[in-house]
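The file run-v9.cif comes next; it holds mmCIF, C-alpha atoms.
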```cif
data_protein
loop_
_atom_site.group_PDB
_atom_site.id
_atom_site.type_symbol
_atom_site.label_atom_id
_atom_site.label_comp_id
_atom_site.auth_asym_id
_atom_site.auth_seq_id
_atom_site.Cartn_x
_atom_site.Cartn_y
_atom_site.Cartn_z
ATOM 1 C CA MET A 1466 99.227 97.581 33.405
ATOM 2 C CA ALA A 1467 96.016 99.590 33.397
ATOM 3 C CA TYR A 1468 92.772 97.861 32.464
ATOM 4 C CA THR A 1469 89.946 98.972 30.243
ATOM 5 C CA PHE A 1470 86.631 97.129 30.295
ATOM 6 C CA THR A 1471 87.673 95.225 27.159
ATOM 7 C CA THR A 1472 91.145 94.231 28.359
ATOM 8 C CA LEU A 1473 89.805 93.232 31.793
ATOM 9 C CA LYS A 1474 87.173 90.941 30.245
ATOM 10 C CA THR A 1475 89.902 89.356 28.098
ATOM 11 C CA ALA A 1476 92.177 88.886 31.125
ATOM 12 C CA ILE A 1477 89.402 87.178 33.115
ATOM 13 C CA GLN A 1478 88.742 84.784 30.247
ATOM 14 C CA ASP A 1479 92.483 84.132 29.792
ATOM 15 C CA TYR A 1480 93.007 83.352 33.487
ATOM 16 C CA THR A 1481 89.928 81.136 33.762
ATOM 17 C CA GLN A 1482 90.254 79.657 30.253
ATOM 18 C CA ASN A 1483 86.496 79.946 29.931
ATOM 19 C CA THR A 1484 84.674 81.223 26.854
ATOM 20 C CA GLU A 1485 81.331 79.552 27.520
ATOM 21 C CA THR A 1486 78.445 81.906 26.626
ATOM 22 C CA THR A 1487 76.755 81.998 30.048
ATOM 23 C CA PHE A 1488 80.104 82.761 31.690
ATOM 24 C CA VAL A 1489 80.965 85.507 29.169
ATOM 25 C CA ASN A 1490 77.534 87.092 29.674
ATOM 26 C CA GLN A 1491 78.270 87.320 33.417
ATOM 27 C CA LEU A 1492 81.652 89.109 33.035
ATOM 28 C CA PRO A 1493 80.195 92.598 33.689
ATOM 29 C CA ARG A 1494 78.531 91.299 36.887
ATOM 30 C CA PHE A 1495 81.844 89.811 38.135
ATOM 31 C CA ILE A 1496 83.571 93.143 37.545
ATOM 32 C CA ILE A 1497 80.808 95.190 39.207
ATOM 33 C CA ASN A 1498 80.923 92.883 42.245
ATOM 34 C CA ALA A 1499 84.704 93.321 42.459
ATOM 35 C CA GLU A 1500 84.350 97.114 42.224
ATOM 36 C CA GLU A 1501 81.810 97.070 45.060
ATOM 37 C CA ARG A 1502 84.111 94.995 47.252
ATOM 38 C CA ILE A 1503 87.001 97.385 46.620
ATOM 39 C CA LEU A 1504 84.933 100.502 47.319
ATOM 40 C CA LYS A 1505 83.531 99.093 50.555
ATOM 41 C CA GLU A 1506 86.868 97.814 51.858
ATOM 42 C CA CYS A 1507 89.078 100.764 50.884
ATOM 43 C CA GLN A 1508 87.810 104.244 51.605
ATOM 44 C CA LEU A 1509 90.163 106.142 49.323
ATOM 45 C CA ASP A 1510 90.327 109.935 49.324
ATOM 46 C CA VAL A 1511 89.926 109.949 45.556
ATOM 47 C CA PHE A 1512 86.320 108.800 46.101
ATOM 48 C CA ARG A 1513 85.351 111.650 48.446
ATOM 49 C CA LYS A 1514 82.933 114.376 47.464
ATOM 50 C CA SER A 1515 80.984 117.147 49.056
ATOM 51 C CA SER A 1516 77.583 118.428 48.103
ATOM 52 C CA GLN A 1517 75.073 120.909 49.385
ATOM 53 C CA GLY A 1518 71.360 120.459 49.742
ATOM 54 C CA THR A 1519 68.488 122.099 51.561
ATOM 55 C CA ALA A 1520 66.739 120.826 54.658
ATOM 56 C CA SER A 1521 63.203 122.175 54.450
ATOM 57 C CA THR A 1522 61.166 123.671 57.255
ATOM 58 C CA GLY A 1523 59.041 120.992 58.923
ATOM 59 C CA ASN A 1524 60.633 118.120 56.966
ATOM 60 C CA SER A 1525 62.847 115.800 59.017
ATOM 61 C CA TYR A 1526 64.179 113.978 55.930
ATOM 62 C CA LEU A 1527 67.153 114.934 53.759
ATOM 63 C CA GLN A 1528 67.802 113.316 50.380
ATOM 64 C CA LYS A 1529 71.183 111.622 49.832
ATOM 65 C CA PRO A 1530 73.066 112.200 46.554
ATOM 66 C CA ALA A 1531 72.449 109.561 43.873
ATOM 67 C CA ASP A 1532 76.085 108.366 43.997
ATOM 68 C CA PHE A 1533 76.190 108.163 47.823
ATOM 69 C CA LEU A 1534 78.128 105.232 49.307
ATOM 70 C CA SER A 1535 78.818 106.289 52.921
ATOM 71 C CA GLN A 1536 78.914 109.486 54.937
ATOM 72 C CA ASN A 1537 81.932 111.244 56.320
ATOM 73 C CA SER A 1538 80.193 114.263 57.883
ATOM 74 C CA LEU A 1539 77.064 116.358 57.633
ATOM 75 C CA SER A 1540 76.853 119.986 58.695
ATOM 76 C CA VAL A 1541 74.172 122.651 58.799
ATOM 77 C CA ILE A 1542 74.977 126.209 57.817
ATOM 78 C CA ASN A 1543 73.239 128.300 60.464
ATOM 79 C CA SER A 1544 73.636 132.091 60.311
ATOM 80 C CA SER A 1545 76.781 131.647 58.206
ATOM 81 C CA SER A 1546 78.419 129.317 60.751
ATOM 82 C CA LYS A 1547 78.906 125.639 60.028
ATOM 83 C CA GLU A 1548 77.649 123.273 62.742
ATOM 84 C CA PHE A 1549 78.446 119.580 62.410
ATOM 85 C CA LEU A 1550 75.682 117.124 63.184
ATOM 86 C CA LEU A 1551 76.363 113.975 65.207
ATOM 87 C CA TYR A 1552 75.675 110.659 63.497
ATOM 88 C CA LYS A 1553 73.393 108.367 65.538
ATOM 89 C CA GLN A 1554 71.040 105.433 65.035
ATOM 90 C CA ALA A 1555 67.541 106.306 63.808
ATOM 91 C CA THR A 1556 65.996 104.954 67.019
ATOM 92 C CA MET A 1557 68.042 107.427 69.073
ATOM 93 C CA LEU A 1558 66.716 110.304 66.961
ATOM 94 C CA GLN A 1559 63.170 109.087 67.408
ATOM 95 C CA ASP A 1560 63.737 108.903 71.184
ATOM 96 C CA TYR A 1561 65.295 112.387 71.163
ATOM 97 C CA THR A 1562 62.311 113.923 69.342
ATOM 98 C CA PRO A 1563 59.375 111.505 69.644
ATOM 99 C CA ASN A 1564 57.103 114.211 68.261
ATOM 100 C CA PRO A 1565 58.216 115.122 64.695
ATOM 101 C CA ALA A 1566 56.558 118.524 65.209
ATOM 102 C CA THR A 1567 59.401 119.408 67.615
ATOM 103 C CA THR A 1568 61.559 121.756 65.575
ATOM 104 C CA GLY A 1569 64.908 123.484 65.855
ATOM 105 C CA VAL A 1570 68.343 123.531 64.262
ATOM 106 C CA PRO A 1571 69.212 119.885 63.480
ATOM 107 C CA LYS A 1572 71.814 118.403 65.851
ATOM 108 C CA TYR A 1573 71.708 114.725 64.854
ATOM 109 C CA TYR A 1574 71.338 112.679 61.720
ATOM 110 C CA ALA A 1575 70.868 109.004 60.899
ATOM 111 C CA ASP A 1576 70.417 106.764 57.885
ATOM 112 C CA TRP A 1577 66.697 106.404 57.369
ATOM 113 C CA ASP A 1578 66.867 104.316 54.219
ATOM 114 C CA GLU A 1579 69.117 103.878 51.186
ATOM 115 C CA SER A 1580 68.361 107.331 49.810
ATOM 116 C CA THR A 1581 67.390 109.427 52.845
ATOM 117 C CA PHE A 1582 68.817 110.791 56.104
ATOM 118 C CA LEU A 1583 66.657 111.483 59.154
ATOM 119 C CA LEU A 1584 67.338 114.788 60.970
ATOM 120 C CA ALA A 1585 66.572 115.666 64.586
ATOM 121 C CA PRO A 1586 65.110 117.924 65.614
ATOM 122 C CA THR A 1587 62.988 118.641 62.553
ATOM 123 C CA PRO A 1588 64.335 121.823 60.867
ATOM 124 C CA ASN A 1589 62.583 125.011 61.981
ATOM 125 C CA ALA A 1590 63.779 126.859 58.846
ATOM 126 C CA ASN A 1591 65.221 126.102 55.420
ATOM 127 C CA PHE A 1592 68.872 125.259 56.113
ATOM 128 C CA THR A 1593 71.732 124.688 53.706
ATOM 129 C CA MET A 1594 73.269 121.319 54.523
ATOM 130 C CA GLU A 1595 76.775 120.262 53.495
ATOM 131 C CA LEU A 1596 77.523 116.571 53.166
ATOM 132 C CA HIS A 1597 81.030 115.137 52.850
ATOM 133 C CA TYR A 1598 80.806 111.561 51.656
ATOM 134 C CA PHE A 1599 82.345 108.646 49.814
ATOM 135 C CA TYR A 1600 80.724 108.161 46.453
ATOM 136 C CA ARG A 1601 80.220 105.200 44.143
ATOM 137 C CA PRO A 1602 81.999 106.047 40.881
ATOM 138 C CA ASP A 1603 80.669 104.862 37.544
ATOM 139 C CA SER A 1604 81.574 101.272 36.799
ATOM 140 C CA ILE A 1605 84.236 100.434 34.236
ATOM 141 C CA THR A 1606 81.464 98.368 32.623
ATOM 142 C CA THR A 1607 79.352 101.455 31.864
ATOM 143 C CA VAL A 1608 81.683 104.385 31.126
ATOM 144 C CA ALA A 1609 81.968 105.301 27.460
ATOM 145 C CA SER A 1610 85.770 105.500 27.569
ATOM 146 C CA GLY A 1611 86.034 102.035 29.148
ATOM 147 C CA THR A 1612 88.518 103.396 31.703
ATOM 148 C CA THR A 1613 88.126 104.387 35.355
ATOM 149 C CA TRP A 1614 90.343 105.270 38.290
ATOM 150 C CA LEU A 1615 90.138 101.675 39.547
ATOM 151 C CA GLY A 1616 91.127 100.319 36.144
ATOM 152 C CA ASP A 1617 94.080 102.714 35.935
ATOM 153 C CA ASN A 1618 95.269 102.646 39.557
ATOM 154 C CA ALA A 1619 93.859 99.543 41.252
ATOM 155 C CA GLU A 1620 94.305 97.120 38.399
ATOM 156 C CA LEU A 1621 95.440 94.148 40.521
ATOM 157 C CA ALA A 1622 92.577 94.531 42.996
ATOM 158 C CA LEU A 1623 90.134 94.829 40.103
ATOM 159 C CA LEU A 1624 91.588 91.809 38.307
ATOM 160 C CA TYR A 1625 91.802 89.493 41.325
ATOM 161 C CA GLY A 1626 88.447 90.633 42.696
ATOM 162 C CA SER A 1627 86.883 89.844 39.317
ATOM 163 C CA LEU A 1628 88.682 86.497 39.144
ATOM 164 C CA LEU A 1629 87.450 85.644 42.621
ATOM 165 C CA GLU A 1630 83.879 86.361 41.519
ATOM 166 C CA ALA A 1631 84.322 84.489 38.227
ATOM 167 C CA TYR A 1632 85.927 81.422 39.792
ATOM 168 C CA THR A 1633 83.232 81.281 42.470
ATOM 169 C CA PHE A 1634 80.640 81.353 39.677
ATOM 170 C CA MET A 1635 82.476 78.483 37.967
ATOM 171 C CA LYS A 1636 82.518 76.526 41.248
ATOM 172 C CA GLY A 1637 86.265 76.257 40.739
ATOM 173 C CA GLU A 1638 88.808 74.359 42.770
ATOM 174 C CA ALA A 1639 89.231 75.537 46.356
ATOM 175 C CA ASP A 1640 93.026 75.916 46.133
ATOM 176 C CA ILE A 1641 92.815 78.236 43.098
ATOM 177 C CA LEU A 1642 90.014 80.194 44.757
ATOM 178 C CA GLN A 1643 92.236 80.585 47.824
ATOM 179 C CA ILE A 1644 95.108 81.885 45.655
ATOM 180 C CA TYR A 1645 92.824 84.456 43.988
ATOM 181 C CA ASN A 1646 91.474 85.525 47.372
ATOM 182 C CA GLY A 1647 95.003 85.873 48.769
ATOM 183 C CA ARG A 1648 96.092 88.029 45.827
ATOM 184 C CA PHE A 1649 92.914 90.099 46.121
ATOM 185 C CA GLN A 1650 93.466 90.691 49.858
ATOM 186 C CA GLU A 1651 97.115 91.594 49.207
ATOM 187 C CA SER A 1652 96.150 94.127 46.534
ATOM 188 C CA LEU A 1653 93.478 95.595 48.821
ATOM 189 C CA GLN A 1654 96.134 96.129 51.479
ATOM 190 C CA TRP A 1655 98.280 98.013 48.934
ATOM 191 C CA LEU A 1656 95.275 100.217 48.152
ATOM 192 C CA LYS A 1657 94.617 100.841 51.844
ATOM 193 C CA ASN A 1658 98.275 101.847 52.247
ATOM 194 C CA LEU A 1659 97.877 104.205 49.280
ATOM 195 C CA GLY A 1660 94.783 105.720 50.922
#
```
Could I get this file's structure written as structure tokens?
Amino acid sequence: MAYTFTTLKTAIQDYTQNTETTFVNQLPRFIINAEERILKECQLDVFRKSSQGTASTGNSYLQKPADFLSQNSLSVINSSSKEFLLYKQATMLQDYTPNPATTGVPKYYADWDESTFLLAPTPNANFTMELHYFYRPDSITTVASGTTWLGDNAELALLYGSLLEAYTFMKGEADILQIYNGRFQESLQWLKNLG
């Protein structure tokens, strides 16, 4: 059975038998938390994207896409050939090029912060960069249609992940919490097998 935002909220309330206002107001948060858990535990091909951006001359930072979750690969297009950069820790890049004025074709990249990559060496020209990455899809709680891939194809993981969040919020009984967690882990394994 596929879930929409409305039917998932109803299912959570039916399972928990809770219609208290504070609890109902938290239903979107429970669902969003479950979606995050699923996306971070199961790297499914359906959530892969690629995008192109430009690394600017003299700028060692490259902006990540707004829906970025985690990287798969980053390449630089140099004289019409694609060269893949090696992913390293930011400290290694800073050791490799302690002077940011050292320029060249980027060979390495690292996460600098939530929205930016660090490149080393600093680009010596404007380069087209191609990023292959896992993205964070829109939440079932925010899409106008009320349906998403997770709601249509990962309904058990979405339900039990949401129930796990909801029952934790309720400070529910440990044995029921353990059952929900077991069902959630089982449904995650099915998703991993699918991926």
Do you know which residues the PyMOL selection byres ((chain A and resi 1470-1473) around 7) returns on this file, as a ChimeraX atom specification? /A:1468-1469,1474-1477,1605-1606,1611-1612,1624
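Each of A:Thr1562, A:Gln1491, A:Ser1535, A:Gln1643 was compared to Leu1509 in chain A using all atoms listed in the file, and A:Ser1535 turns out to be the nearest.
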Hits from the PyMOL selection byres ((chain A and resi 1648) around 10), listed as a list in words: Leu1621, Ala1622, Leu1624, Tyr1625, Gly1626, Leu1629, Leu1642, Gln1643, Ile1644, Tyr1645, Asn1646, Gly1647, Phe1649, Gln1650, Glu1651, Ser1652, Leu1653 and Gln1654 of chain A
Produce a file of the selected residues containing C-alpha atoms, as an mmCIF file, keeping the file's coordinate frame.
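Done, and the output landed in again_9.cif:
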```
data_model
loop_
_atom_site.group_PDB
_atom_site.id
_atom_site.type_symbol
_atom_site.label_atom_id
_atom_site.label_comp_id
_atom_site.auth_asym_id
_atom_site.auth_seq_id
_atom_site.Cartn_x
_atom_site.Cartn_y
_atom_site.Cartn_z
ATOM 1 C CA LEU A 1621 95.440 94.148 40.521
ATOM 2 C CA ALA A 1622 92.577 94.531 42.996
ATOM 3 C CA LEU A 1624 91.588 91.809 38.307
ATOM 4 C CA TYR A 1625 91.802 89.493 41.325
ATOM 5 C CA GLY A 1626 88.447 90.633 42.696
ATOM 6 C CA LEU A 1629 87.450 85.644 42.621
ATOM 7 C CA LEU A 1642 90.014 80.194 44.757
ATOM 8 C CA GLN A 1643 92.236 80.585 47.824
ATOM 9 C CA ILE A 1644 95.108 81.885 45.655
ATOM 10 C CA TYR A 1645 92.824 84.456 43.988
ATOM 11 C CA ASN A 1646 91.474 85.525 47.372
ATOM 12 C CA GLY A 1647 95.003 85.873 48.769
ATOM 13 C CA PHE A 1649 92.914 90.099 46.121
ATOM 14 C CA GLN A 1650 93.466 90.691 49.858
ATOM 15 C CA GLU A 1651 97.115 91.594 49.207
ATOM 16 C CA SER A 1652 96.150 94.127 46.534
ATOM 17 C CA LEU A 1653 93.478 95.595 48.821
ATOM 18 C CA GLN A 1654 96.134 96.129 51.479
#
```
Do you have the CA of Val1541 in chain A-CA of Lys1505 in chain A distance handy? 26.7 Å
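Using only C-alpha atoms for every distance, the candidate list A:Leu1550, A:Val1511, A:Ala1555, A:Leu1539 yields A:Leu1550 as the residue closest to Tyr1573 in chain A.
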Contact residues around Asn1543 in chain A with only C-alpha atoms at 12 Å, ignoring same-chain residues under 2 positions, as a PDB file with C-alpha atoms, in the coordinates of the input:
```pdb
ATOM      1  CA  THR A1519      68.488 122.099  51.561  1.00  0.00           C
ATOM      2  CA  ALA A1520      66.739 120.826  54.658  1.00  0.00           C
ATOM      3  CA  SER A1540      76.853 119.986  58.695  1.00  0.00           C
ATOM      4  CA  VAL A1541      74.172 122.651  58.799  1.00  0.00           C
ATOM      5  CA  SER A1545      76.781 131.647  58.206  1.00  0.00           C
ATOM      6  CA  SER A1546      78.419 129.317  60.751  1.00  0.00           C
ATOM      7  CA  LYS A1547      78.906 125.639  60.028  1.00  0.00           C
ATOM      8  CA  GLU A1548      77.649 123.273  62.742  1.00  0.00           C
ATOM      9  CA  PHE A1549      78.446 119.580  62.410  1.00  0.00           C
ATOM     10  CA  LEU A1550      75.682 117.124  63.184  1.00  0.00           C
ATOM     11  CA  GLY A1569      64.908 123.484  65.855  1.00  0.00           C
ATOM     12  CA  VAL A1570      68.343 123.531  64.262  1.00  0.00           C
ATOM     13  CA  PRO A1571      69.212 119.885  63.480  1.00  0.00           C
ATOM     14  CA  LYS A1572      71.814 118.403  65.851  1.00  0.00           C
ATOM     15  CA  PRO A1588      64.335 121.823  60.867  1.00  0.00           C
ATOM     16  CA  ASN A1589      62.583 125.011  61.981  1.00  0.00           C
ATOM     17  CA  ALA A1590      63.779 126.859  58.846  1.00  0.00           C
ATOM     18  CA  ASN A1591      65.221 126.102  55.420  1.00  0.00           C
ATOM     19  CA  PHE A1592      68.872 125.259  56.113  1.00  0.00           C
ATOM     20  CA  THR A1593      71.732 124.688  53.706  1.00  0.00           C
ATOM     21  CA  MET A1594      73.269 121.319  54.523  1.00  0.00           C
ATOM     22  CA  GLU A1595      76.775 120.262  53.495  1.00  0.00           C
TER      23      GLU A1595
END
```
Length of the CA of Glu1620 in chain A to CA of Val1608 in chain A vector [Å]: 16.3 Å
Suppose you want the space between CA of Asn1618 in chain A and CA of Lys1514 in chain A; what is it in Å? 18.8 Å
My list of candidates is A:Ala1609, A:Leu1596, A:Tyr1632, A:Leu1659. Which is closest to Gln1517 in chain A when distances are computed with all atoms listed in the file? A:Leu1596
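This file, filtered with the PyMOL selection byres ((chain A and resi 1603) around 10), gives the residues Ile1497, Glu1500, Asp1532, Tyr1600, Arg1601, Pro1602, Ser1604, Ile1605, Thr1606, Thr1607, Val1608, Thr1612, Thr1613 and Trp1614 of chain A.
Proximity to Asn1564 in chain A was assessed for A:Thr1587, A:Asn1490, A:Ser1516, A:Ser1544 counting only C-alpha atoms; the smallest distance is recorded for A:Thr1587.
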I'd like the neighbourhood of Leu1623 in chain A as a list of chain:residue names, where a residue qualifies if any of its atoms comes within 8 Å (using only C-alpha atoms), though same-chain residues fewer than 5 positions away should be ignored. A:Ile1496, A:Ala1499, A:Glu1500, A:Ile1503, A:Leu1615, A:Gly1616
Write to file, as a short mmCIF file (atom, residue, chain, number, x, y, z; two decimals), keeping the file's coordinate frame, the residues of the selection just made, with C-alpha atoms.
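So out.cif came out as:
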```
data_model
loop_
_atom_site.label_atom_id
_atom_site.label_comp_id
_atom_site.auth_asym_id
_atom_site.auth_seq_id
_atom_site.Cartn_x
_atom_site.Cartn_y
_atom_site.Cartn_z
CA ILE A 1496 83.57 93.14 37.54
CA ALA A 1499 84.70 93.32 42.46
CA GLU A 1500 84.35 97.11 42.22
CA ILE A 1503 87.00 97.38 46.62
CA LEU A 1615 90.14 101.68 39.55
CA GLY A 1616 91.13 100.32 36.14
#
```
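The closest residue to Asn1537 in chain A, picked from A:His1597, A:Lys1657, A:Arg1513, A:Arg1494 and counting all atoms listed in the file, is A:His1597.
Among the candidates A:Tyr1598, A:Trp1577, A:Phe1488, A:Ala1566, the one nearest to Leu1534 in chain A when counting only C-alpha atoms is A:Tyr1598.
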As JSON: centre and edge lengths in Å, one decimal, of the axis-aligned box holding range 1508-1515 of chain A with 5 Å per side:
```
{"center_x": 85.7, "center_y": 110.7, "center_z": 48.6, "size_x": 19.3, "size_y": 22.9, "size_z": 16.0}
```
